[in-house]
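A.B. asks: Data: start.csv, CSV, C-alpha atoms.
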```csv
chain,number,residue,atom,x,y,z
A,574,MET,CA,80.6,146.2,126.4
A,575,MET,CA,77.7,144.0,127.4
A,576,ILE,CA,75.3,146.3,125.5
A,577,ALA,CA,77.4,146.1,122.4
A,578,MET,CA,77.6,142.3,122.6
A,579,GLN,CA,73.8,142.0,123.1
A,580,GLN,CA,73.2,144.3,120.0
A,581,GLN,CA,75.5,142.0,118.0
A,582,LEU,CA,73.5,139.0,119.0
A,583,ASP,CA,70.2,140.9,118.2
A,584,PHE,CA,71.6,141.9,114.8
A,585,ILE,CA,72.4,138.3,113.8
A,586,ALA,CA,69.0,137.1,115.0
A,587,TYR,CA,67.3,139.9,113.0
A,588,ILE,CA,69.2,139.1,109.8
A,589,GLN,CA,68.2,135.5,110.3
A,590,ARG,CA,64.6,136.4,110.8
A,591,MET,CA,64.6,138.8,107.8
A,592,LEU,CA,65.6,136.0,105.4
A,593,VAL,CA,63.0,133.6,106.8
A,594,GLU,CA,60.1,135.9,107.6
A,595,GLY,CA,60.5,138.5,104.8
A,596,ASP,CA,58.6,138.3,101.6
A,597,PHE,CA,61.2,138.2,98.8
A,598,SER,CA,59.2,138.2,95.6
A,599,ALA,CA,62.3,139.6,93.7
A,600,THR,CA,66.1,139.8,94.4
A,601,TYR,CA,66.2,143.6,95.1
A,602,LYS,CA,66.1,143.1,98.9
A,603,PHE,CA,69.1,140.8,98.8
A,604,ALA,CA,70.9,143.4,96.7
A,605,LEU,CA,70.0,146.2,99.2
A,606,LEU,CA,71.2,144.1,102.2
A,607,HIS,CA,74.5,143.5,100.3
A,608,ALA,CA,74.7,147.2,99.5
A,609,LEU,CA,74.2,148.3,103.1
A,610,ALA,CA,77.0,146.0,104.2
A,611,ASP,CA,79.3,147.3,101.5
A,612,VAL,CA,78.7,150.9,102.4
A,613,CYS,CA,79.3,150.3,106.1
A,614,VAL,CA,82.6,148.7,105.4
A,615,GLU,CA,83.6,151.4,102.9
A,616,HIS,CA,82.7,154.2,105.4
A,617,PRO,CA,85.3,155.0,108.1
A,618,MET,CA,83.9,155.0,111.6
A,619,MET,CA,84.9,157.0,114.6
A,620,TYR,CA,82.7,155.3,117.2
A,621,GLU,CA,81.0,151.9,117.2
A,622,ALA,CA,77.8,153.2,118.8
A,623,SER,CA,77.3,156.0,116.2
A,624,GLU,CA,74.6,156.3,113.7
A,625,LEU,CA,75.4,156.4,110.0
A,626,ASN,CA,73.7,158.5,107.3
A,627,ILE,CA,73.7,156.8,103.9
A,628,ASP,CA,72.7,158.8,100.8
A,629,LEU,CA,70.1,157.1,98.6
A,630,ALA,CA,72.2,158.1,95.6
A,631,ARG,CA,75.0,155.9,97.0
A,632,LEU,CA,72.7,152.9,97.4
A,633,ALA,CA,71.3,153.4,93.9
A,634,GLU,CA,74.9,153.3,92.5
A,635,LYS,CA,75.5,150.2,94.5
A,636,LEU,CA,72.5,148.5,93.0
A,637,ILE,CA,73.8,149.3,89.5
A,638,ASP,CA,77.2,147.9,90.5
A,639,LEU,CA,75.7,144.7,91.8
A,640,TYR,CA,73.4,144.1,88.9
A,641,TRP,CA,75.8,145.1,86.1
A,642,HIS,CA,77.0,141.5,85.4
A,643,HIS,CA,73.5,140.1,85.8
A,644,ALA,CA,72.5,142.0,82.7
A,645,VAL,CA,74.8,139.9,80.5
A,646,PRO,CA,73.0,137.0,78.6
A,647,PHE,CA,73.4,133.8,80.6
A,648,SER,CA,72.7,131.2,77.9
A,649,SER,CA,74.3,131.0,74.5
A,650,ALA,CA,71.5,128.8,73.4
A,651,HIS,CA,69.1,131.7,73.6
A,652,SER,CA,69.2,135.2,72.1
A,653,GLY,CA,68.2,138.7,73.1
A,654,GLU,CA,66.5,139.4,76.4
A,655,SER,CA,65.2,135.9,76.7
A,656,ALA,CA,68.8,134.8,77.5
A,657,LEU,CA,68.9,137.0,80.6
A,658,LEU,CA,68.2,135.5,84.0
A,659,LYS,CA,65.1,137.1,85.6
A,660,GLN,CA,65.3,138.6,89.0
A,661,ASN,CA,61.6,138.0,89.8
A,662,SER,CA,58.8,135.7,88.6
A,663,GLY,CA,57.1,138.4,86.5
A,664,ALA,CA,58.4,140.8,83.9
A,665,GLN,CA,62.1,141.4,83.8
A,666,SER,CA,63.3,143.9,86.5
A,667,LYS,CA,63.7,147.5,85.4
A,668,VAL,CA,67.3,147.8,86.4
A,669,ILE,CA,68.3,144.7,84.4
A,670,ALA,CA,66.4,145.9,81.4
A,671,VAL,CA,68.0,149.3,81.5
A,672,LEU,CA,71.5,147.9,82.0
A,673,TYR,CA,71.0,145.4,79.2
A,674,GLU,CA,70.0,148.3,76.8
A,675,CYS,CA,73.2,150.1,77.8
A,676,GLN,CA,75.3,147.1,77.0
A,677,GLN,CA,73.5,146.7,73.7
A,678,ASN,CA,74.7,150.2,72.9
A,679,ASN,CA,78.4,149.2,73.4
A,680,ILE,CA,78.7,150.3,77.0
A,681,ARG,CA,81.3,147.8,78.2
A,682,SER,CA,82.1,148.9,81.7
A,683,LEU,CA,80.6,150.8,84.7
A,684,ARG,CA,83.1,153.6,84.3
A,685,GLN,CA,82.1,154.0,80.6
A,686,LEU,CA,78.5,153.9,81.7
A,687,LYS,CA,79.0,156.7,84.2
A,688,LEU,CA,80.6,158.9,81.5
A,689,SER,CA,77.9,158.2,78.9
A,690,PRO,CA,74.6,159.8,78.1
A,691,TYR,CA,72.9,156.7,79.4
A,692,TRP,CA,74.0,157.3,83.0
A,693,HIS,CA,71.2,159.6,84.0
A,694,THR,CA,68.4,157.2,82.8
A,695,THR,CA,70.2,154.2,84.4
A,696,TYR,CA,70.7,156.0,87.7
A,697,LYS,CA,67.1,157.3,87.8
A,698,ALA,CA,65.8,153.7,87.2
A,699,ALA,CA,67.9,152.4,90.1
A,700,LEU,CA,66.9,155.2,92.4
A,701,ASP,CA,63.2,154.9,91.6
A,702,THR,CA,63.4,151.1,92.1
A,703,LEU,CA,65.1,151.5,95.4
A,704,LYS,CA,62.5,154.0,96.8
A,705,THR,CA,59.4,152.2,95.5
A,706,GLY,CA,60.6,148.7,96.5
A,707,PRO,CA,63.3,147.3,98.7
A,708,LEU,CA,64.1,150.4,100.8
A,709,TRP,CA,60.8,150.3,102.6
A,710,ARG,CA,60.1,146.6,102.3
A,711,LEU,CA,63.4,145.1,103.5
A,712,GLN,CA,62.3,145.4,107.1
A,713,ILE,CA,58.8,144.0,106.8
A,714,LEU,CA,58.8,140.7,108.7
A,715,ALA,CA,55.7,138.5,108.8
A,716,LYS,CA,53.7,141.4,107.2
A,717,GLN,CA,54.7,144.0,109.9
A,718,GLU,CA,57.4,146.7,109.9
A,719,GLU,CA,60.2,146.1,112.3
A,720,CYS,CA,62.7,148.9,111.7
A,721,PHE,CA,65.8,147.4,113.5
A,722,LEU,CA,68.3,148.6,110.9
A,723,TYR,CA,67.0,152.1,110.1
A,724,PRO,CA,63.7,154.1,110.6
A,725,HIS,CA,61.3,154.2,107.7
A,726,THR,CA,61.6,158.0,107.5
A,727,LYS,CA,60.5,158.7,103.9
A,728,GLY,CA,60.9,161.9,101.9
A,729,LYS,CA,64.6,162.4,102.6
A,730,SER,CA,67.6,161.9,100.4
A,731,TYR,CA,69.2,159.5,102.9
A,732,ILE,CA,68.5,156.9,105.5
A,733,THR,CA,70.0,156.7,108.9
A,734,LEU,CA,71.3,153.4,110.3
A,735,ASN,CA,70.4,153.2,114.0
A,736,ALA,CA,73.1,153.5,116.6
A,737,GLY,CA,75.6,150.6,116.4
A,738,ILE,CA,74.1,149.0,113.3
A,739,ALA,CA,76.9,150.1,111.0
A,740,ALA,CA,79.4,148.6,113.5
A,741,CYS,CA,77.4,145.3,113.3
A,742,PHE,CA,77.5,145.3,109.5
A,743,ARG,CA,81.2,145.8,109.7
A,744,ARG,CA,81.7,143.1,112.3
A,745,PHE,CA,79.6,140.5,110.4
A,746,TYR,CA,80.2,141.7,106.9
A,747,ASP,CA,81.3,138.3,105.6
A,748,LEU,CA,78.3,136.5,107.1
A,749,VAL,CA,75.8,139.1,105.9
A,750,VAL,CA,77.1,139.0,102.3
A,751,TYR,CA,77.3,135.2,102.3
A,752,LEU,CA,73.7,134.9,103.5
A,753,ALA,CA,72.5,137.6,101.0
A,754,LYS,CA,74.2,135.9,98.1
A,755,ASN,CA,73.1,132.5,99.0
A,756,ALA,CA,69.4,133.6,99.3
A,757,TRP,CA,69.8,135.6,96.1
A,758,LEU,CA,71.1,132.5,94.3
A,759,GLN,CA,68.2,130.4,95.6
A,760,LYS,CA,65.7,133.0,94.4
A,761,ILE,CA,67.3,133.0,91.0
A,762,GLN,CA,67.1,129.2,90.8
A,763,SER,CA,63.5,129.1,91.9
A,764,ILE,CA,62.2,131.2,89.0
A,765,LYS,CA,60.8,129.0,86.3
A,766,HIS,CA,62.1,131.1,83.4
A,767,ASN,CA,65.6,130.7,84.8
A,768,GLN,CA,65.5,127.0,85.2
A,769,ALA,CA,65.3,126.5,81.4
A,770,LEU,CA,68.5,128.6,81.1
A,771,ILE,CA,70.4,127.1,84.0
A,772,GLY,CA,69.7,123.5,83.1
A,773,PRO,CA,70.0,120.5,85.4
A,774,GLN,CA,72.3,122.2,87.8
A,775,SER,CA,69.4,124.2,89.0
A,776,GLN,CA,68.3,121.1,90.9
A,777,LEU,CA,71.8,120.6,92.4
A,778,HIS,CA,70.9,122.0,95.8
A,779,ASP,CA,67.9,119.8,96.2
A,780,PHE,CA,69.9,116.8,95.0
A,781,LEU,CA,72.6,117.4,97.7
A,782,PHE,CA,70.6,118.8,100.5
A,783,GLY,CA,66.9,118.3,99.8
A,784,PHE,CA,64.4,115.6,100.9
A,785,ASP,CA,63.0,112.7,99.1
A,786,ARG,CA,59.5,113.7,97.9
A,787,THR,CA,58.6,110.2,96.9
A,788,ALA,CA,59.4,108.9,100.3
A,789,LEU,CA,57.5,111.8,101.8
A,790,ASN,CA,54.3,110.5,100.1
A,791,LYS,CA,54.6,107.3,102.1
A,792,ALA,CA,53.6,109.2,105.2
A,793,LYS,CA,50.5,110.7,103.6
A,794,PRO,CA,48.0,107.8,104.2
A,795,VAL,CA,48.8,107.3,107.9
A,796,LEU,CA,48.7,111.0,108.5
A,797,VAL,CA,45.3,111.4,106.8
A,798,GLU,CA,44.1,108.5,108.9
A,799,ILE,CA,45.2,109.8,112.3
A,800,GLN,CA,43.9,113.3,111.4
A,801,LYS,CA,40.5,111.8,110.5
A,802,GLY,CA,40.7,113.3,107.0
A,803,GLN,CA,41.2,116.9,108.2
A,804,CYS,CA,43.9,119.4,107.4
A,805,PHE,CA,46.2,119.6,110.5
A,806,TYR,CA,46.2,123.4,110.4
A,807,CYS,CA,42.8,124.7,109.4
A,808,GLN,CA,40.9,121.5,110.6
A,809,LYS,CA,38.8,121.5,107.4
A,810,PRO,CA,38.3,118.4,105.3
A,811,LEU,CA,41.3,117.5,103.1
A,812,THR,CA,40.7,117.6,99.4
A,813,SER,CA,42.8,116.1,96.6
A,814,ALA,CA,45.5,118.8,97.1
A,815,ILE,CA,47.0,117.1,100.1
A,816,GLU,CA,50.6,117.8,101.0
A,817,VAL,CA,52.9,116.4,103.7
A,818,ASP,CA,54.4,119.2,105.7
A,819,HIS,CA,57.5,119.2,107.9
A,820,PHE,CA,56.1,120.6,111.2
A,821,ILE,CA,59.5,121.9,112.2
A,822,PRO,CA,60.4,123.4,108.8
A,823,PHE,CA,63.0,121.6,106.8
A,824,ALA,CA,64.7,125.0,106.3
A,825,ARG,CA,65.3,125.1,110.1
A,826,TYR,CA,66.2,121.5,110.6
A,827,ALA,CA,67.2,119.7,107.4
A,828,ASN,CA,66.5,116.1,108.4
A,829,ASP,CA,63.5,113.9,108.0
A,830,LEU,CA,62.0,112.6,111.3
A,831,GLY,CA,59.0,110.3,111.1
A,832,HIS,CA,57.2,112.1,113.9
A,833,ASN,CA,57.7,115.6,112.3
A,834,PHE,CA,55.1,115.2,109.5
A,835,VAL,CA,51.6,116.4,109.3
A,836,ALA,CA,49.1,116.4,106.4
A,837,ALA,CA,47.8,119.7,105.2
A,838,HIS,CA,46.1,121.6,102.4
A,839,ARG,CA,48.5,122.9,99.8
A,840,SER,CA,47.3,126.4,100.6
A,841,CYS,CA,48.0,126.0,104.3
A,842,ASN,CA,51.4,124.5,103.6
A,843,ASN,CA,52.3,127.3,101.2
A,844,SER,CA,51.2,129.9,103.6
A,845,LYS,CA,53.2,128.4,106.5
A,846,ARG,CA,56.3,128.2,104.4
A,847,ASP,CA,59.4,128.1,106.6
A,848,PHE,CA,57.7,129.7,109.6
A,849,LEU,CA,57.4,127.9,112.9
A,850,ALA,CA,53.7,127.1,113.7
A,851,ALA,CA,51.9,128.9,116.5
A,852,GLN,CA,51.7,127.4,120.0
A,853,LEU,CA,48.2,126.0,119.5
A,854,HIS,CA,49.5,124.1,116.5
A,855,ARG,CA,52.5,122.9,118.5
A,856,GLU,CA,50.4,121.6,121.3
A,857,ARG,CA,48.2,119.6,118.8
A,858,TRP,CA,51.3,118.3,117.0
A,859,GLN,CA,52.7,117.0,120.3
A,860,GLU,CA,49.4,115.5,121.4
A,861,GLN,CA,48.8,113.8,118.0
A,862,ASN,CA,52.3,112.7,116.9
A,863,LEU,CA,54.2,112.3,120.2
A,864,ASP,CA,51.5,111.1,122.5
A,865,ARG,CA,48.5,109.4,121.0
A,866,HIS,CA,50.0,108.1,117.7
A,867,SER,CA,53.7,107.8,118.4
A,868,GLN,CA,53.9,104.1,118.1
A,869,LEU,CA,51.7,103.9,115.0
A,870,LEU,CA,53.9,106.4,113.2
A,871,THR,CA,57.0,104.5,114.2
A,872,ASP,CA,55.4,101.2,113.0
A,873,GLU,CA,54.3,102.7,109.6
A,874,LEU,CA,57.2,105.0,108.8
A,875,THR,CA,60.3,103.4,110.2
A,876,HIS,CA,61.2,101.8,106.9
A,877,TYR,CA,61.4,105.2,105.2
A,878,PHE,CA,62.5,107.7,108.0
A,879,HIS,CA,64.3,107.8,111.2
A,880,CYS,CA,61.6,107.5,113.9
A,881,ASP,CA,62.5,108.8,117.3
A,882,ALA,CA,59.9,110.7,119.3
A,883,ASP,CA,62.4,111.9,121.9
A,884,LYS,CA,64.6,113.4,119.1
A,885,SER,CA,61.5,115.1,117.5
A,886,LEU,CA,60.6,116.6,120.9
A,887,ALA,CA,64.2,117.8,121.4
A,888,VAL,CA,64.3,119.4,118.0
A,889,SER,CA,61.0,121.1,118.6
A,890,ASN,CA,62.1,122.5,122.0
A,891,TRP,CA,65.3,123.8,120.4
A,892,ALA,CA,63.5,125.5,117.5
A,893,TYR,CA,60.9,127.2,119.7
A,894,GLN,CA,63.5,128.3,122.3
A,895,VAL,CA,65.5,130.0,119.5
A,896,ALA,CA,62.3,131.6,118.2
A,897,SER,CA,61.5,132.9,121.6
A,898,SER,CA,65.0,134.3,122.1
A,899,ASN,CA,64.9,136.0,118.8
A,900,GLY,CA,61.4,137.4,119.2
A,901,ALA,CA,60.3,135.6,116.1
A,902,LYS,CA,56.8,135.5,114.7
A,903,LEU,CA,54.9,132.2,114.7
A,904,TRP,CA,52.5,131.3,111.9
A,905,LEU,CA,48.9,130.9,113.0
A,906,ALA,CA,47.0,131.0,109.7
A,907,LYS,CA,47.1,132.9,106.4
A,908,ASP,CA,48.6,136.3,107.0
A,909,ARG,CA,48.2,135.8,110.8
A,910,PHE,CA,51.1,135.5,113.2
A,911,GLU,CA,51.8,135.6,116.9
A,912,LEU,CA,54.9,136.5,118.8
A,913,ALA,CA,56.9,133.7,120.3
A,914,GLY,CA,56.7,134.3,124.1
A,915,SER,CA,59.6,133.0,126.2
A,916,LYS,CA,57.5,132.3,129.3
A,917,ASN,CA,54.8,130.3,127.3
A,918,VAL,CA,57.4,128.4,125.3
A,919,HIS,CA,59.5,127.4,128.3
A,920,ALA,CA,56.5,126.4,130.3
A,921,LEU,CA,55.2,124.4,127.4
A,922,ASP,CA,58.5,122.7,127.0
A,923,LEU,CA,58.5,121.7,130.7
A,924,VAL,CA,54.9,120.4,130.5
A,925,ALA,CA,55.6,118.5,127.3
A,926,GLN,CA,58.8,116.9,128.5
A,927,THR,CA,57.1,115.8,131.8
A,928,LYS,CA,54.0,114.6,130.1
A,929,TYR,CA,55.9,112.6,127.5
A,930,LYS,CA,58.2,111.1,130.1
A,931,TYR,CA,55.3,109.7,132.1
A,932,ASP,CA,53.1,108.8,129.1
A,933,SER,CA,56.0,106.8,127.7
```
As structure tokens - that is how I would like this structure written.
C.D. replies:
Amino acid sequence: MMIAMQQQLDFIAYIQRMLVEGDFSATYKFALLHALADVCVEHPMMYEASELNIDLARLAEKLIDLYWHHAVPFSSAHSGESALLKQNSGAQSKVIAVLYECQQNNIRSLRQLKLSPYWHTTYKAALDTLKTGPLWRLQILAKQEECFLYPHTKGKSYITLNAGIAACFRRFYDLVVYLAKNAWLQKIQSIKHNQALIGPQSQLHDFLFGFDRTALNKAKPVLVEIQKGQCFYCQKPLTSAIEVDHFIPFARYANDLGHNFVAAHRSCNNSKRDFLAAQLHRERWQEQNLDRHSQLLTDELTHYFHCDADKSLAVSNWAYQVASSNGAKLWLAKDRFELAGSKNVHALDLVAQTKYKYDS
């Protein structure tokens, strides 16, 4: 029972890491995650600890099911394929293009499609997409394969979910589907082509839950000053492309704290994305923002942000402890990561807490 409970915790941690550390250039991975959850619920299970073979043909059909309604024009103000929402930032996805062609030929339902001459072409497009894309990329986290759900055994007509994984998908189906759909929605909204179709509501999430970019710029001069004109991460001179980065990513902790900002090159900021920074960056952030320049940041930013060094430290400790427990990757530099180590993290927390206590 304890092993099963630990596996469930590991499963949730892995899904969380997948959505943060994975590279989702298109929506296919979200669709595959949704499809895997669906199949596990639809498949009767004898034992919770059993493996589960899933035919690629079944997953291909699931992709067609999930994308069918996406192939309908979204905007009445546009015509033809330009009215379709894109599933990636490049050309329209193959599955959507094929499904749209079917609908243009008076195919009005999935059942009708499966009985039509167009089914073979559609199924082949979905299967090829599955095998050349998301099936072997879903489990790439921070540029490395981590096959927690199923082995990357290519050349077969099926995949095998590892022991107990199907039971986890069944146990947490609602959560997995919610996370997949939410991430899918955000990806759709982030694509420039789609924003013209969706209209102002595409900015609704940022309006409700985002941060004030104008206020964020107020932190830039003081950060550049205390960093002596250097990028916080690469330590090279800052150019005109200067951005203010949330050191503990806003995606992890959606509140602005005055001590949680650093100035960075746009390229460094974009590379770091929603990853936690490596330990050497964390040490420098604590030394810079919580020790040496804590009072200056409070004086300069208190009119714009909540400034509380103790709270910033507590949030930092929480974020890195979670990362350590999950075995997450920490961002070091472009395409370079390190593993969050529990011993190093907890020792650093203790040293930081003690140091800050006496320095204050």
A.B. asks: Which distance in Å separates CA of Arg684 in chain A and CA of Trp757 in chain A, to one decimal?
C.D. replies: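 These two atoms are separated by 25.3 Å.
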A.B. asks: Give the answer as one residue: which of A:Cys613, A:Ser666, A:Phe597, A:Thr695 has the shortest atom-to-atom distance to Asp638 in chain A, using all atoms listed in the file?
C.D. replies: A:Thr695
A.B. asks: Can you list, as a PyMOL selection string, every protein, DNA or RNA residue that comes within 9 Å of range 789-793 of chain A when you count all atoms listed in the file, leaving out same-chain residues fewer than 5 positions away?
C.D. replies: chain A and resi 784+798+815-818+829+831+834-836+870+873-874+877-878
A.B. asks: Would you pick out the contacts of Leu722 in chain A at 7 Å or less, using only C-alpha atoms, so that residues sharing its chain but fewer than 3 positions from it are not included, and give the list as a PyMOL selection string?
C.D. replies: chain A and resi 734-735+738
A.B. asks: Using C-alpha atoms, can you write the selected residues to a file as a compact mmCIF listing (two decimals), in the coordinates of the input?
C.D. replies:
```
# COMPACT_ATOMS: atom_id res chain seq x y z
CA LEU A 734 71.30 153.40 110.30
CA ASN A 735 70.40 153.20 114.00
CA ILE A 738 74.10 149.00 113.30
```
A.B. asks: In file coordinates, which residues lie within 9 Å of (65.2, 155.4, 108.0) using only C-alpha atoms, given as a list in words?
C.D. replies: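 Every polymer residue passing the test: Leu708, Trp709, Cys720, Leu722, Tyr723, Pro724, His725, Thr726, Lys727, Lys729, Tyr731, Ile732, Thr733, Leu734 and Asn735 of chain A.
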A.B. asks: Kindly save the residues from that selection, with C-alpha atoms included, as a short mmCIF file (atom, residue, chain, number, x, y, z; two decimals), in the frame of the given file.
C.D. replies:
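File written: again23.cif
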```cif
data_model
loop_
_atom_site.label_atom_id
_atom_site.label_comp_id
_atom_site.auth_asym_id
_atom_site.auth_seq_id
_atom_site.Cartn_x
_atom_site.Cartn_y
_atom_site.Cartn_z
CA LEU A 708 64.10 150.40 100.80
CA TRP A 709 60.80 150.30 102.60
CA CYS A 720 62.70 148.90 111.70
CA LEU A 722 68.30 148.60 110.90
CA TYR A 723 67.00 152.10 110.10
CA PRO A 724 63.70 154.10 110.60
CA HIS A 725 61.30 154.20 107.70
CA THR A 726 61.60 158.00 107.50
CA LYS A 727 60.50 158.70 103.90
CA LYS A 729 64.60 162.40 102.60
CA TYR A 731 69.20 159.50 102.90
CA ILE A 732 68.50 156.90 105.50
CA THR A 733 70.00 156.70 108.90
CA LEU A 734 71.30 153.40 110.30
CA ASN A 735 70.40 153.20 114.00
#
```
A.B. asks: Rounded to one decimal in Å, what is the spacing between CA of Phe823 in chain A and CA of Tyr587 in chain A?
C.D. replies: 19.8 Å
A.B. asks: Which one is closest to Pro794 in chain A: A:Asp701, A:Phe780, A:Glu911, A:Ala837? Count all atoms listed in the file.
C.D. replies: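 With all atoms listed in the file as the atom set, the closest residue is A:Ala837.
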A.B. asks: Interatomic distance between CA of Leu657 in chain A and CA of Glu674 in chain A?
C.D. replies: 12.0 Å
A.B. asks: Neighbouring residues of Phe647 in chain A were defined as those with any atom within 8 Å, considering only C-alpha atoms; residues of the same chain fewer than 4 positions away were excluded. Please report them as a count of residues only.
C.D. replies: 4
A.B. asks: Within 10 Å of Gly663 in chain A, counting only C-alpha atoms, which residues show up once you throw out same-chain ones fewer than 5 positions away? Write them as a list in words, please.
C.D. replies: Ser598, Ala599, Ile764 and His766 of chain A
A.B. asks: If you count all atoms listed in the file, which residues fall within 7 Å of Tyr673 in chain A, apart from same-chain ones fewer than 3 positions away, as number ranges by chain?
C.D. replies: A: 644-645, 669-670, 676-677
A.B. asks: Write the residues of the preceding selection, restricted to C-alpha atoms, as an mmCIF file, in the coordinates of the input.
C.D. replies:
```
data_model
loop_
_atom_site.group_PDB
_atom_site.id
_atom_site.type_symbol
_atom_site.label_atom_id
_atom_site.label_comp_id
_atom_site.auth_asym_id
_atom_site.auth_seq_id
_atom_site.Cartn_x
_atom_site.Cartn_y
_atom_site.Cartn_z
ATOM 1 C CA ALA A 644 72.500 142.000 82.700
ATOM 2 C CA VAL A 645 74.800 139.900 80.500
ATOM 3 C CA ILE A 669 68.300 144.700 84.400
ATOM 4 C CA ALA A 670 66.400 145.900 81.400
ATOM 5 C CA GLN A 676 75.300 147.100 77.000
ATOM 6 C CA GLN A 677 73.500 146.700 73.700
#
```
A.B. asks: Which of these, A:Ala633, A:Ala788, A:Ile680, A:Ala851, has the shortest distance to Ala608 in chain A once you count only C-alpha atoms?
C.D. replies: A:Ala633
A.B. asks: Kindly indicate which residue among A:His838, A:His854, A:Lys845, A:Arg743 lies nearest to Ala715 in chain A, using all atoms listed in the file for the distances.
C.D. replies: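 Comparing A:His838, A:His854, A:Lys845, A:Arg743 against Ala715 in chain A, the winner is A:Lys845.
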A.B. asks: So, with all atoms listed in the file as the atoms that count, which of A:Gln861, A:Gly914, A:Thr705, A:Arg710 lies closest to Ser898 in chain A?
C.D. replies: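 Ranking A:Gln861, A:Gly914, A:Thr705, A:Arg710 by distance to Ser898 in chain A, first place goes to A:Gly914.
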A.B. asks: Measuring atom to atom with all atoms listed in the file, identify which of A:Gly595, A:Val795, A:Leu700, A:Glu634 is nearest to Asp872 in chain A.
C.D. replies: A:Val795
